[in-house]
$ cat start-v6.cif   # mmCIF, C-alpha atoms and all ligand atoms
data_final
loop_
_atom_site.label_atom_id
_atom_site.label_comp_id
_atom_site.auth_asym_id
_atom_site.auth_seq_id
_atom_site.Cartn_x
_atom_site.Cartn_y
_atom_site.Cartn_z
CA MET A 1 116.66 87.58 100.84
CA LYS A 2 116.29 86.51 97.19
CA LEU A 3 113.51 85.16 95.00
CA ALA A 4 114.31 81.53 94.23
CA LYS A 5 111.24 80.46 92.22
CA ALA A 6 108.36 81.99 90.23
CA GLU A 7 105.61 79.53 89.29
CA VAL A 8 102.31 80.05 87.47
CA PHE A 9 99.28 77.78 88.01
CA VAL A 10 96.15 77.77 85.87
CA CYS A 11 93.23 75.85 87.36
CA CYS A 12 89.45 75.69 87.17
CA PRO A 13 87.86 74.96 90.56
CA GLY A 14 84.37 76.13 89.51
CA ARG A 15 85.92 78.74 87.19
CA ASN A 16 89.36 79.52 85.79
CA PHE A 17 92.02 81.17 87.93
CA VAL A 18 95.66 82.05 87.26
CA THR A 19 97.86 82.08 90.36
CA LEU A 20 101.43 83.32 90.70
CA LYS A 21 103.49 81.74 93.46
CA LEU A 22 106.83 83.34 94.36
CA THR A 23 109.17 81.53 96.75
CA THR A 24 112.20 83.06 98.45
CA ASP A 25 115.52 81.34 99.16
CA ASP A 26 114.47 81.07 102.81
CA GLY A 27 111.15 79.43 101.88
CA ILE A 28 108.67 82.31 102.22
CA VAL A 29 105.80 82.03 99.73
CA GLY A 30 103.98 85.01 98.23
CA LEU A 31 100.75 84.66 96.18
CA GLY A 32 99.29 86.87 93.47
CA ASP A 33 96.11 86.58 91.41
CA ALA A 34 96.75 86.91 87.65
CA THR A 35 93.24 85.98 86.45
CA LEU A 36 91.80 87.94 83.52
CA ASN A 37 88.43 86.40 82.71
CA GLY A 38 88.47 84.77 79.26
CA ARG A 39 92.13 85.77 78.67
CA GLU A 40 93.76 83.58 81.35
CA LEU A 41 96.44 82.01 79.17
CA ALA A 42 97.60 85.38 77.82
CA VAL A 43 98.53 86.51 81.35
CA ALA A 44 100.02 83.11 82.22
CA SER A 45 102.23 83.37 79.13
CA TYR A 46 103.19 86.98 79.96
CA LEU A 47 104.35 85.85 83.39
CA ASN A 48 106.04 82.62 82.27
CA ASP A 49 107.67 83.94 79.12
CA HIS A 50 108.53 87.52 80.10
CA CYS A 51 108.71 87.84 83.89
CA SER A 52 109.61 84.64 85.74
CA SER A 53 113.29 84.44 84.85
CA ALA A 54 113.71 88.19 85.47
CA LEU A 55 112.25 87.76 88.97
CA VAL A 56 114.54 84.97 90.14
CA GLY A 57 117.53 86.35 92.04
CA ARG A 58 115.92 89.72 92.91
CA ASP A 59 115.51 90.90 96.49
CA PRO A 60 111.71 90.70 97.01
CA ARG A 61 111.84 93.52 99.57
CA ASN A 62 112.50 96.07 96.80
CA ILE A 63 108.87 96.20 95.71
CA GLU A 64 108.88 99.72 94.27
CA ASP A 65 111.95 99.01 92.12
CA ILE A 66 110.55 95.69 90.88
CA TRP A 67 107.25 97.39 89.99
CA HIS A 68 109.05 99.95 87.85
CA TYR A 69 111.25 97.26 86.31
CA PHE A 70 108.17 95.50 84.93
CA TYR A 71 106.19 98.68 84.13
CA ARG A 72 108.72 101.14 82.71
CA GLY A 73 111.12 98.40 81.74
CA ALA A 74 108.56 96.65 79.52
CA TYR A 75 108.51 99.46 76.90
CA TRP A 76 105.10 98.10 75.70
CA ARG A 77 103.49 99.36 78.84
CA ARG A 78 99.90 99.35 80.19
CA GLY A 79 97.00 97.21 78.93
CA PRO A 80 95.01 94.56 80.83
CA VAL A 81 97.36 91.60 80.22
CA THR A 82 100.57 93.43 81.19
CA MET A 83 98.95 95.11 84.20
CA ALA A 84 97.32 91.89 85.46
CA ALA A 85 100.76 90.26 85.36
CA ILE A 86 102.42 93.21 87.16
CA SER A 87 99.59 93.19 89.73
CA ALA A 88 100.15 89.51 90.52
CA ILE A 89 103.89 90.08 90.98
CA ASP A 90 103.30 93.12 93.17
CA VAL A 91 100.71 91.45 95.43
CA ALA A 92 102.94 88.36 95.84
CA LEU A 93 105.84 90.64 96.88
CA TRP A 94 103.69 92.45 99.46
CA ASP A 95 102.57 89.04 100.76
CA ILE A 96 106.22 87.99 101.15
CA LYS A 97 107.19 91.24 102.86
CA ALA A 98 104.34 91.04 105.38
CA LYS A 99 105.04 87.35 106.08
CA SER A 100 108.74 88.05 106.55
CA LEU A 101 107.80 90.67 109.16
CA ASN A 102 105.21 88.27 110.64
CA THR A 103 102.36 90.78 110.34
CA PRO A 104 99.06 91.02 108.45
CA LEU A 105 99.43 93.01 105.23
CA TYR A 106 97.17 95.88 106.35
CA ASN A 107 99.82 96.82 108.93
CA LEU A 108 102.21 97.72 106.12
CA LEU A 109 99.56 99.89 104.44
CA GLY A 110 99.01 102.20 107.40
CA GLY A 111 97.23 99.88 109.84
CA LYS A 112 93.48 99.62 110.40
CA SER A 113 91.28 102.61 109.59
CA ARG A 114 88.10 100.65 110.43
CA ARG A 115 87.00 97.43 112.10
CA GLU A 116 85.42 95.73 109.07
CA VAL A 117 84.92 96.10 105.32
CA LEU A 118 81.38 96.99 104.19
CA VAL A 119 80.43 94.88 101.17
CA TYR A 120 77.60 94.84 98.66
CA ALA A 121 75.94 91.61 97.63
CA HIS A 122 74.23 90.74 94.33
CA ALA A 123 70.46 90.33 93.98
CA ASN A 124 69.22 89.37 90.55
CA GLY A 125 66.05 87.95 89.06
CA LYS A 126 64.35 87.05 85.79
CA SER A 127 61.55 89.44 86.80
CA VAL A 128 61.13 92.41 89.12
CA ASP A 129 59.33 90.09 91.59
CA GLU A 130 62.29 87.68 91.61
CA ALA A 131 64.84 90.50 91.98
CA SER A 132 62.92 92.00 94.88
CA ALA A 133 62.61 88.61 96.59
CA ALA A 134 66.37 88.02 96.14
CA ALA A 135 67.09 91.43 97.67
CA GLY A 136 64.81 90.58 100.60
CA GLU A 137 66.76 87.38 101.27
CA LEU A 138 70.08 89.22 101.30
CA ILE A 139 68.76 91.95 103.57
CA ALA A 140 67.47 89.24 105.94
CA GLN A 141 71.01 87.75 105.97
CA GLY A 142 72.33 91.10 107.22
CA PHE A 143 73.62 92.74 104.03
CA ARG A 144 73.43 96.52 104.23
CA ALA A 145 74.13 97.17 100.55
CA VAL A 146 72.68 95.26 97.60
CA ARG A 147 73.24 95.50 93.86
CA ILE A 148 70.00 94.97 91.92
CA GLN A 149 69.81 93.58 88.36
CA SER A 150 66.75 92.14 86.65
CA SER A 151 65.95 90.78 83.18
CA VAL A 152 64.74 93.41 80.74
CA PRO A 153 61.35 92.42 79.25
CA GLY A 154 61.73 91.63 75.54
CA LEU A 155 65.48 90.77 75.69
CA SER A 156 66.64 87.16 75.68
CA HIS A 157 69.60 87.71 78.03
CA THR A 158 70.38 90.47 80.48
CA TYR A 159 73.75 91.16 82.10
CA GLY A 160 73.92 90.02 85.73
CA ILE A 161 71.10 87.45 85.69
CA ALA A 162 72.02 83.91 86.73
CA LYS A 163 70.86 81.18 84.32
CA GLY A 164 69.91 78.79 87.08
CA PRO A 165 70.53 78.30 90.79
CA GLY A 166 73.91 79.60 91.98
CA GLY A 167 75.71 82.83 91.24
CA TYR A 168 75.88 84.69 87.96
CA GLU A 169 78.78 83.57 85.74
CA PRO A 170 79.04 85.32 82.38
CA ALA A 171 81.96 83.29 80.96
CA GLN A 172 80.73 80.16 79.17
CA PRO A 173 82.64 77.24 77.59
CA GLY A 174 83.78 77.71 74.00
CA ILE A 175 83.49 80.83 71.86
CA ALA A 176 81.51 83.87 72.97
CA GLU A 177 77.73 83.59 73.31
CA GLU A 178 75.83 86.32 71.45
CA HIS A 179 73.36 88.34 73.52
CA ALA A 180 70.78 90.92 72.41
CA TRP A 181 70.55 94.54 73.54
CA ASP A 182 68.09 97.41 73.26
CA SER A 183 68.77 100.66 75.14
CA ALA A 184 65.17 101.92 74.86
CA LYS A 185 63.73 98.79 76.52
CA TYR A 186 66.39 98.96 79.25
CA LEU A 187 65.85 102.66 79.93
CA ARG A 188 62.07 102.09 80.29
CA HIS A 189 62.59 99.16 82.65
CA VAL A 190 65.22 100.25 85.21
CA PRO A 191 63.43 103.19 86.93
CA ALA A 192 60.35 100.96 87.46
CA LEU A 193 62.61 98.26 88.95
CA PHE A 194 64.04 100.67 91.53
CA GLU A 195 60.64 102.19 92.32
CA ARG A 196 59.51 98.69 93.27
CA ILE A 197 62.66 97.83 95.27
CA ARG A 198 62.39 101.01 97.35
CA ALA A 199 58.67 100.36 97.91
CA ASP A 200 59.40 96.77 99.07
CA HIS A 201 62.57 97.35 101.11
CA GLY A 202 62.47 100.93 102.37
CA SER A 203 64.95 103.79 102.27
CA GLU A 204 67.69 102.50 104.57
CA ILE A 205 69.25 99.77 102.44
CA HIS A 206 72.03 100.93 100.07
CA LEU A 207 71.08 100.12 96.48
CA LEU A 208 73.52 99.81 93.58
CA HIS A 209 73.09 99.07 89.88
CA ASP A 210 75.52 98.09 87.09
CA VAL A 211 74.74 99.42 83.59
CA HIS A 212 77.78 97.46 82.36
CA HIS A 213 79.02 100.07 79.87
CA ARG A 214 75.86 99.91 77.75
CA LEU A 215 74.65 103.51 77.31
CA THR A 216 75.71 106.56 75.34
CA PRO A 217 76.58 109.59 77.49
CA ILE A 218 73.19 111.29 76.96
CA GLU A 219 71.26 108.05 77.62
CA ALA A 220 73.30 107.55 80.79
CA ALA A 221 72.56 111.12 81.87
CA ARG A 222 68.84 110.42 81.45
CA LEU A 223 68.99 107.19 83.44
CA ALA A 224 70.99 108.83 86.26
CA LYS A 225 68.36 111.60 86.38
CA ASP A 226 65.41 109.18 86.28
CA LEU A 227 66.93 107.18 89.17
CA GLU A 228 67.43 110.18 91.46
CA PRO A 229 64.22 109.62 93.46
CA TYR A 230 65.52 106.16 94.49
CA ARG A 231 68.76 107.53 96.00
CA LEU A 232 71.22 104.96 94.64
CA PHE A 233 74.50 104.35 96.47
CA TRP A 234 75.96 104.26 92.96
CA LEU A 235 75.26 103.78 89.29
CA GLU A 236 78.10 101.71 87.86
CA ASP A 237 79.76 101.89 84.44
CA PRO A 238 76.96 103.98 82.92
CA VAL A 239 79.07 104.45 79.76
CA ALA A 240 82.11 102.72 78.30
CA GLY A 241 84.94 104.34 80.23
CA GLU A 242 87.48 104.92 77.49
CA LEU A 243 85.69 108.19 76.68
CA GLN A 244 86.42 109.92 79.98
CA GLU A 245 84.79 113.14 78.73
CA GLY A 246 81.52 111.22 78.32
CA LEU A 247 81.07 111.37 82.08
CA ARG A 248 80.73 115.17 81.92
CA LEU A 249 77.27 114.89 80.42
CA ILE A 250 76.05 112.68 83.27
CA ARG A 251 77.33 115.12 85.90
CA ARG A 252 75.66 118.03 84.14
CA HIS A 253 72.26 116.42 84.58
CA SER A 254 72.25 114.39 87.76
CA THR A 255 73.48 113.96 91.33
CA THR A 256 73.30 110.12 91.23
CA PRO A 257 76.76 108.94 92.41
CA ILE A 258 78.86 107.31 89.68
CA ALA A 259 81.28 104.35 89.97
CA ILE A 260 83.59 103.34 87.13
CA GLY A 261 86.83 101.59 86.35
CA GLU A 262 86.60 97.81 86.64
CA VAL A 263 88.14 97.47 83.15
CA PHE A 264 90.72 100.23 83.67
CA ASN A 265 94.32 99.27 84.33
CA THR A 266 96.32 102.36 85.30
CA ALA A 267 95.81 105.61 87.22
CA TYR A 268 96.04 107.45 83.89
CA ASP A 269 92.61 106.05 82.96
CA PHE A 270 91.16 108.19 85.78
CA SER A 271 92.93 111.50 85.17
CA THR A 272 90.02 113.51 83.67
CA LEU A 273 87.54 111.73 85.92
CA LEU A 274 89.37 112.84 89.06
CA THR A 275 90.55 116.30 88.13
CA GLU A 276 87.09 117.28 86.83
CA GLN A 277 85.33 115.47 89.70
CA LEU A 278 83.21 113.36 87.33
CA ILE A 279 83.02 110.23 89.51
CA ASP A 280 82.45 109.27 93.13
CA TYR A 281 83.88 105.73 93.32
CA LEU A 282 86.81 104.08 91.53
CA ARG A 283 86.50 100.37 90.78
CA MET A 284 89.85 99.40 89.25
CA PRO A 285 90.84 96.35 91.29
CA ILE A 286 94.26 95.70 92.74
CA CYS A 287 94.63 92.52 90.64
CA HIS A 288 94.14 94.33 87.31
CA GLY A 289 95.42 97.82 88.11
CA GLY A 290 99.08 97.27 88.91
CA GLY A 291 98.76 95.85 92.41
CA ILE A 292 98.99 97.48 95.80
CA THR A 293 101.91 99.70 94.75
CA HIS A 294 99.94 101.42 91.96
CA LEU A 295 96.54 101.43 93.72
CA SER A 296 98.10 103.11 96.78
CA LYS A 297 99.10 106.02 94.58
CA LEU A 298 95.76 106.16 92.78
CA ALA A 299 93.71 105.94 96.00
CA ALA A 300 95.79 108.72 97.56
CA TRP A 301 95.33 110.91 94.47
CA ALA A 302 91.58 110.17 94.42
CA SER A 303 91.27 111.11 98.10
CA PHE A 304 92.12 114.73 97.29
CA TYR A 305 89.02 114.80 95.04
CA HIS A 306 86.78 113.12 97.66
CA VAL A 307 86.58 110.01 95.50
CA GLN A 308 86.31 106.71 97.37
CA THR A 309 87.16 103.13 96.42
CA GLY A 310 84.62 100.46 95.50
CA PHE A 311 86.77 97.67 94.08
CA HIS A 312 85.54 95.16 91.56
CA GLY A 313 85.04 91.83 93.35
CA ALA A 314 83.21 89.42 91.03
CA THR A 315 84.00 85.71 91.37
CA ASP A 316 86.39 85.85 88.40
CA LEU A 317 88.81 87.58 90.79
CA SER A 318 90.30 84.83 92.95
CA PRO A 319 90.26 84.75 96.78
CA ILE A 320 93.84 86.09 96.60
CA ALA A 321 92.55 89.21 94.85
CA LEU A 322 89.73 89.59 97.36
CA ALA A 323 92.11 89.21 100.31
CA ALA A 324 94.47 91.85 98.85
CA ALA A 325 91.50 94.20 98.37
CA LEU A 326 90.31 93.61 101.93
CA HIS A 327 93.67 94.49 103.51
CA PHE A 328 93.76 97.64 101.38
CA ASP A 329 90.09 98.49 102.15
CA LEU A 330 90.78 98.14 105.85
CA ALA A 331 93.79 100.44 105.74
CA ILE A 332 92.98 103.44 103.55
CA ASN A 333 90.93 106.39 104.70
CA ASN A 334 88.90 106.85 101.48
CA PHE A 335 87.44 103.35 101.33
CA GLY A 336 83.82 103.35 100.15
CA ILE A 337 82.55 99.80 99.71
CA GLN A 338 83.78 96.39 98.45
CA GLU A 339 81.97 94.20 95.91
CA TYR A 340 81.37 90.68 97.22
CA MET A 341 80.24 87.52 95.42
CA PRO A 342 80.80 84.26 97.33
CA HIS A 343 83.26 81.86 95.68
CA SER A 344 82.18 78.26 95.11
CA ALA A 345 83.00 75.38 97.46
CA SER A 346 85.49 73.94 94.92
CA THR A 347 87.29 77.31 94.79
CA PHE A 348 87.80 76.99 98.54
CA ASP A 349 89.18 73.45 98.03
CA VAL A 350 92.13 75.19 96.36
CA PHE A 351 92.34 78.53 98.18
CA GLY A 352 92.24 78.69 101.99
CA VAL A 353 91.17 82.10 103.30
CA GLY A 354 91.16 83.93 106.61
CA TYR A 355 88.41 86.50 105.92
CA SER A 356 84.85 85.90 107.06
CA LEU A 357 81.44 87.46 106.55
CA ALA A 358 79.48 88.99 109.44
CA GLN A 359 76.37 91.16 109.08
CA GLY A 360 77.09 92.46 105.59
CA ALA A 361 80.80 93.12 106.17
CA LEU A 362 84.00 91.13 105.74
CA VAL A 363 86.33 90.74 108.67
CA VAL A 364 90.03 90.24 107.91
CA SER A 365 92.10 87.70 109.83
CA ASP A 366 95.35 88.63 111.58
CA ALA A 367 97.32 85.87 109.82
CA PRO A 368 100.65 87.16 108.46
CA GLY A 369 100.63 88.45 104.88
CA LEU A 370 97.42 88.14 102.85
CA GLY A 371 96.19 85.23 104.97
CA VAL A 372 95.55 83.03 101.89
CA THR A 373 96.91 79.58 101.11
CA PHE A 374 97.09 77.83 97.72
CA ASP A 375 96.87 74.03 97.51
CA GLU A 376 98.73 72.93 94.36
CA VAL A 377 97.65 69.30 94.67
CA ALA A 378 93.99 70.30 94.87
CA ALA A 379 94.48 72.76 91.97
CA ALA A 380 95.78 69.92 89.76
CA ARG A 381 92.41 68.16 90.16
CA PHE A 382 90.71 71.10 88.37
CA PRO A 383 92.34 71.55 84.94
CA TYR A 384 91.89 74.75 82.92
CA ALA A 385 88.62 74.83 80.91
CA PRO A 386 88.52 77.43 78.10
CA ALA A 387 85.59 79.86 78.46
CA SER A 388 84.65 83.20 76.91
CA LEU A 389 82.68 86.26 77.95
CA PRO A 390 79.62 87.02 75.78
CA VAL A 391 79.31 89.65 73.07
CA ASN A 392 76.25 91.86 72.57
CA ARG A 393 74.33 92.82 69.44
CA LYS A 394 71.56 95.38 69.06
CA LEU A 395 68.25 93.92 67.88
CA ASP A 396 69.16 94.74 64.24
CA GLY A 397 72.44 92.79 64.55
CA THR A 398 74.87 95.67 65.13
CA LEU A 399 77.72 94.69 67.46
CA TYR A 400 77.51 96.65 70.74
CA HIS A 401 79.24 96.84 74.14
CA TRP A 402 78.73 93.81 76.39
O1 LIG B 501 84.59 89.15 83.93
C1 LIG B 501 83.63 90.16 83.84
C2 LIG B 501 82.95 90.35 85.17
O2 LIG B 501 83.89 90.47 86.19
C3 LIG B 501 82.07 91.57 85.18
O3 LIG B 501 81.10 91.44 84.19
C4 LIG B 501 81.43 91.72 86.55
O4 LIG B 501 80.67 93.92 85.99
C5 LIG B 501 80.94 93.08 86.83
C6 LIG B 501 80.75 93.44 88.24
O5 LIG B 501 80.44 94.59 88.49
O6 LIG B 501 80.92 92.58 89.10
MG MG B 502 80.57 95.88 86.86
#
$ encode --input "start-v6.cif" --output "structure tokens"
Amino acid sequence: MKLAKAEVFVCCPGRNFVTLKLTTDDGIVGLGDATLNGRELAVASYLNDHCSSALVGRDPRNIEDIWHYFYRGAYWRRGPVTMAAISAIDVALWDIKAKSLNTPLYNLLGGKSRREVLVYAHANGKSVDEASAAAGELIAQGFRAVRIQSSVPGLSHTYGIAKGPGGYEPAQPGIAEEHAWDSAKYLRHVPALFERIRADHGSEIHLLHDVHHRLTPIEAARLAKDLEPYRLFWLEDPVAGELQEGLRLIRRHSTTPIAIGEVFNTAYDFSTLLTEQLIDYLRMPICHGGGITHLSKLAAWASFYHVQTGFHGATDLSPIALAAALHFDLAINNFGIQEYMPHSASTFDVFGVGYSLAQGALVVSDAPGLGVTFDEVAAARFPYAPASLPVNRKLDGTLYHW
């Protein structure tokens, strides 16, 4: 078996997605998600200009060798663009292998460890009342885990809050929007938000919160400590993750579980976090962290430290990325939870999926491979639309983490 074609599609059915399609000489198609929100064309170029011709002619069954060809062989290794491209190649190869064996992908990853994949949904509101009402609606729909975000009084924008009806989408047309940030206002607000959510919805529901990299280590330690009475499932990205040692301070002060890693792109980004047991959940997704081949190694390494997975699953990861995550989630022993945001109807005009939602969990279909289809004709109706993620400034104008 040989790879005959490598094609890259950039489309915008509701939001931008980059899709890699590999086709073998006997007509088997493998799909990979190469979307990097706000940097789509950089990954498309990486694939088109530096990978496609090197893929054609290779035996797609040699996944491990191809992974190392594009990782070690690149010399300029790691980084989000390179690793998103490698991830897309890797996932497409696993899709081909599973289809060629006529079996769902999870069977190649060890088979099923569970019946379904527990997901968390997003509740957000412009006020605590709105956030609590949104959480109530999700709980009534059967979700067992809910992420809670609400506007911070006195700040014009807050991460995670939808502008209008429909889901939250941070990337906006044109150059980056500028948002305002104030850690003191945020730190005053969040414990009161969770006090209210627990009072309204009881102790059974799993609650999560995303700080989105915005605190210093000592501020994050204080927030994790202040939130202890509300028994969070996790506190996400409390600090910017490039300072792995920063997580030590949080651990020293609190038992609130910590999740981190949605912007990481290799296992090396986790080394101190795992060996010093500074985190509880790793969020680096398959589509940005080197694919199934690299995540298998990271998840196995994490399991020895009792760290579970909780993959990033915002809507800027395409249904291909979600399907790959779901097969992986189903198979590994140290799965924790999966993030879930429903894709738009136009996204599903382009991507056909086999997974389905039932009582707060996703159920994976037994279709061969990933169980996802890509409609090129439909994709052509939704041309790429440049969009950027926001930037943040403190109230005095200083540029800060978004
Ligand atoms: O593109 C950026 C988003 O994927 C990110 O802001 C979403 O933090 C996020 C989350 O936890 O879903
Ligand atoms: Mg996040």
$ closest_atom_pairs --input "start-v6.cif" --of "chain A" --to "ligand LIG 501 (chain B)" --cutoff "10 Å" --atoms "all atoms listed in the file" --output "Markdown table"
| residue | atom | partner | partner_atom | distance |
| --- | --- | --- | --- | --- |
| A:Thr35 | CA | B:LIG501 | O1 | 9.6 |
| A:Leu36 | CA | B:LIG501 | O1 | 7.3 |
| A:Asn37 | CA | B:LIG501 | O1 | 4.9 |
| A:Gly38 | CA | B:LIG501 | O1 | 7.5 |
| A:Arg39 | CA | B:LIG501 | O1 | 9.8 |
| A:Ala121 | CA | B:LIG501 | O6 | 9.9 |
| A:His122 | CA | B:LIG501 | O6 | 8.7 |
| A:Arg147 | CA | B:LIG501 | O5 | 9.0 |
| A:Tyr159 | CA | B:LIG501 | O3 | 7.6 |
| A:Gly160 | CA | B:LIG501 | O3 | 7.5 |
| A:Tyr168 | CA | B:LIG501 | C4 | 9.1 |
| A:Glu169 | CA | B:LIG501 | C2 | 8.0 |
| A:Pro170 | CA | B:LIG501 | O3 | 6.7 |
| A:Ala171 | CA | B:LIG501 | O1 | 7.1 |
| A:His209 | CA | B:LIG501 | O5 | 8.7 |
| A:Asp210 | CA | B:LIG501 | O5 | 6.2 |
| A:Val211 | CA | B:LIG501 | O4 | 8.4 |
| A:His212 | CA | B:LIG501 | O4 | 5.8 |
| A:His213 | CA | B:LIG501 | O4 | 8.8 |
| A:Glu236 | CA | B:LIG501 | O5 | 7.5 |
| A:Asp237 | CA | B:LIG501 | O4 | 8.2 |
| A:Ala259 | CA | B:LIG501 | O5 | 9.9 |
| A:Ile260 | CA | B:LIG501 | O5 | 9.4 |
| A:Gly261 | CA | B:LIG501 | O5 | 9.7 |
| A:Glu262 | CA | B:LIG501 | O4 | 7.1 |
| A:Val263 | CA | B:LIG501 | C1 | 8.6 |
| A:Arg283 | CA | B:LIG501 | O5 | 8.7 |
| A:Phe311 | CA | B:LIG501 | O5 | 9.0 |
| A:His312 | CA | B:LIG501 | O6 | 5.8 |
| A:Gly313 | CA | B:LIG501 | O6 | 6.0 |
| A:Ala314 | CA | B:LIG501 | O6 | 4.4 |
| A:Thr315 | CA | B:LIG501 | O2 | 7.0 |
| A:Asp316 | CA | B:LIG501 | O2 | 5.7 |
| A:Leu317 | CA | B:LIG501 | O2 | 7.3 |
| A:Glu339 | CA | B:LIG501 | O6 | 7.1 |
| A:Tyr340 | CA | B:LIG501 | O6 | 8.4 |
| A:Met341 | CA | B:LIG501 | O6 | 8.1 |
| A:Ser388 | CA | B:LIG501 | O1 | 9.2 |
| A:Leu389 | CA | B:LIG501 | O1 | 6.9 |
| A:Pro390 | CA | B:LIG501 | C1 | 9.5 |
| A:Trp402 | CA | B:LIG501 | O3 | 8.5 |
$ atom_distance --input "start-v6.cif" --atom1 "CA of Asn334 in chain A" --atom2 "CA of Leu223 in chain A"
26.9 Å
$ atom_distance --input "start-v6.cif" --atom1 "CA of Ile286 in chain A" --atom2 "CA of Val146 in chain A"
22.1 Å
$ residues_around --input "start-v6.cif" --residues "Val91 in chain A" --least-positions-apart "5" --cutoff "8 Å" --atoms "only C-alpha atoms" --output "ChimeraX atom specification"
/A:30-33,287,291-292,324
$ closest_residue --input "start-v6.cif" --among "A:Val239, A:Ala133, A:Val377, A:Val10" --to "ligand MG 502 (chain B)" --atoms "all atoms listed in the file"
A:Val239
$ closest_residue --input "start-v6.cif" --among "A:Trp181, A:Trp234, A:Tyr384, A:Phe335" --to "ligand MG 502 (chain B)" --atoms "all atoms listed in the file"
A:Trp234
$ closest_residue --input "start-v6.cif" --among "A:Ala220, A:Ala134, A:Leu208, A:Leu249" --to "ligand MG 502 (chain B)" --atoms "all atoms listed in the file"
A:Leu208
$ residues_near_point --input "start-v6.cif" --point "(80.3, 90.9, 108.4)" --cutoff "9 Å" --atoms "only C-alpha atoms" --output "VMD selection string"
chain A and resid 116 to 119 142 to 143 356 to 363
$ build_atoms --input "start-v6.cif" --residues "range 98-110 of chain A" --atoms "N, CA and C atoms" --output "PDB file, keeping the file's coordinate frame"
ATOM      1  N   ALA A  98     105.110  91.094 104.128  1.00  0.00           N
ATOM      2  CA  ALA A  98     104.340  91.040 105.380  1.00  0.00           C
ATOM      3  C   ALA A  98     104.625  89.748 106.137  1.00  0.00           C
ATOM      4  N   LYS A  99     104.739  88.625 105.393  1.00  0.00           N
ATOM      5  CA  LYS A  99     105.040  87.350 106.080  1.00  0.00           C
ATOM      6  C   LYS A  99     106.429  87.402 106.705  1.00  0.00           C
ATOM      7  N   SER A 100     107.374  88.021 106.008  1.00  0.00           N
ATOM      8  CA  SER A 100     108.740  88.050 106.550  1.00  0.00           C
ATOM      9  C   SER A 100     108.786  88.903 107.817  1.00  0.00           C
ATOM     10  N   LEU A 101     107.860  89.833 107.946  1.00  0.00           N
ATOM     11  CA  LEU A 101     107.800  90.670 109.160  1.00  0.00           C
ATOM     12  C   LEU A 101     106.774  90.116 110.153  1.00  0.00           C
ATOM     13  N   ASN A 102     106.173  88.970 109.779  1.00  0.00           N
ATOM     14  CA  ASN A 102     105.210  88.270 110.640  1.00  0.00           C
ATOM     15  C   ASN A 102     104.028  89.165 111.038  1.00  0.00           C
ATOM     16  N   THR A 103     103.473  89.874 110.043  1.00  0.00           N
ATOM     17  CA  THR A 103     102.360  90.780 110.340  1.00  0.00           C
ATOM     18  C   THR A 103     101.331  90.735 109.214  1.00  0.00           C
ATOM     19  N   PRO A 104     100.039  90.956 109.538  1.00  0.00           N
ATOM     20  CA  PRO A 104      99.060  91.020 108.450  1.00  0.00           C
ATOM     21  C   PRO A 104      99.365  92.194 107.512  1.00  0.00           C
ATOM     22  N   LEU A 105      99.051  92.021 106.244  1.00  0.00           N
ATOM     23  CA  LEU A 105      99.430  93.010 105.230  1.00  0.00           C
ATOM     24  C   LEU A 105      98.926  94.415 105.566  1.00  0.00           C
ATOM     25  N   TYR A 106      97.711  94.522 106.124  1.00  0.00           N
ATOM     26  CA  TYR A 106      97.170  95.880 106.350  1.00  0.00           C
ATOM     27  C   TYR A 106      98.090  96.721 107.237  1.00  0.00           C
ATOM     28  N   ASN A 107      98.903  96.061 108.063  1.00  0.00           N
ATOM     29  CA  ASN A 107      99.820  96.820 108.930  1.00  0.00           C
ATOM     30  C   ASN A 107     100.888  97.553 108.135  1.00  0.00           C
ATOM     31  N   LEU A 108     101.204  97.043 106.936  1.00  0.00           N
ATOM     32  CA  LEU A 108     102.210  97.720 106.120  1.00  0.00           C
ATOM     33  C   LEU A 108     101.591  98.834 105.277  1.00  0.00           C
ATOM     34  N   LEU A 109     100.251  98.901 105.288  1.00  0.00           N
ATOM     35  CA  LEU A 109      99.560  99.890 104.440  1.00  0.00           C
ATOM     36  C   LEU A 109      99.021 101.039 105.289  1.00  0.00           C
ATOM     37  N   GLY A 110      99.460 101.103 106.523  1.00  0.00           N
ATOM     38  CA  GLY A 110      99.010 102.200 107.400  1.00  0.00           C
ATOM     39  C   GLY A 110      98.233 101.723 108.603  1.00  0.00           C
TER      40      GLY A 110
END
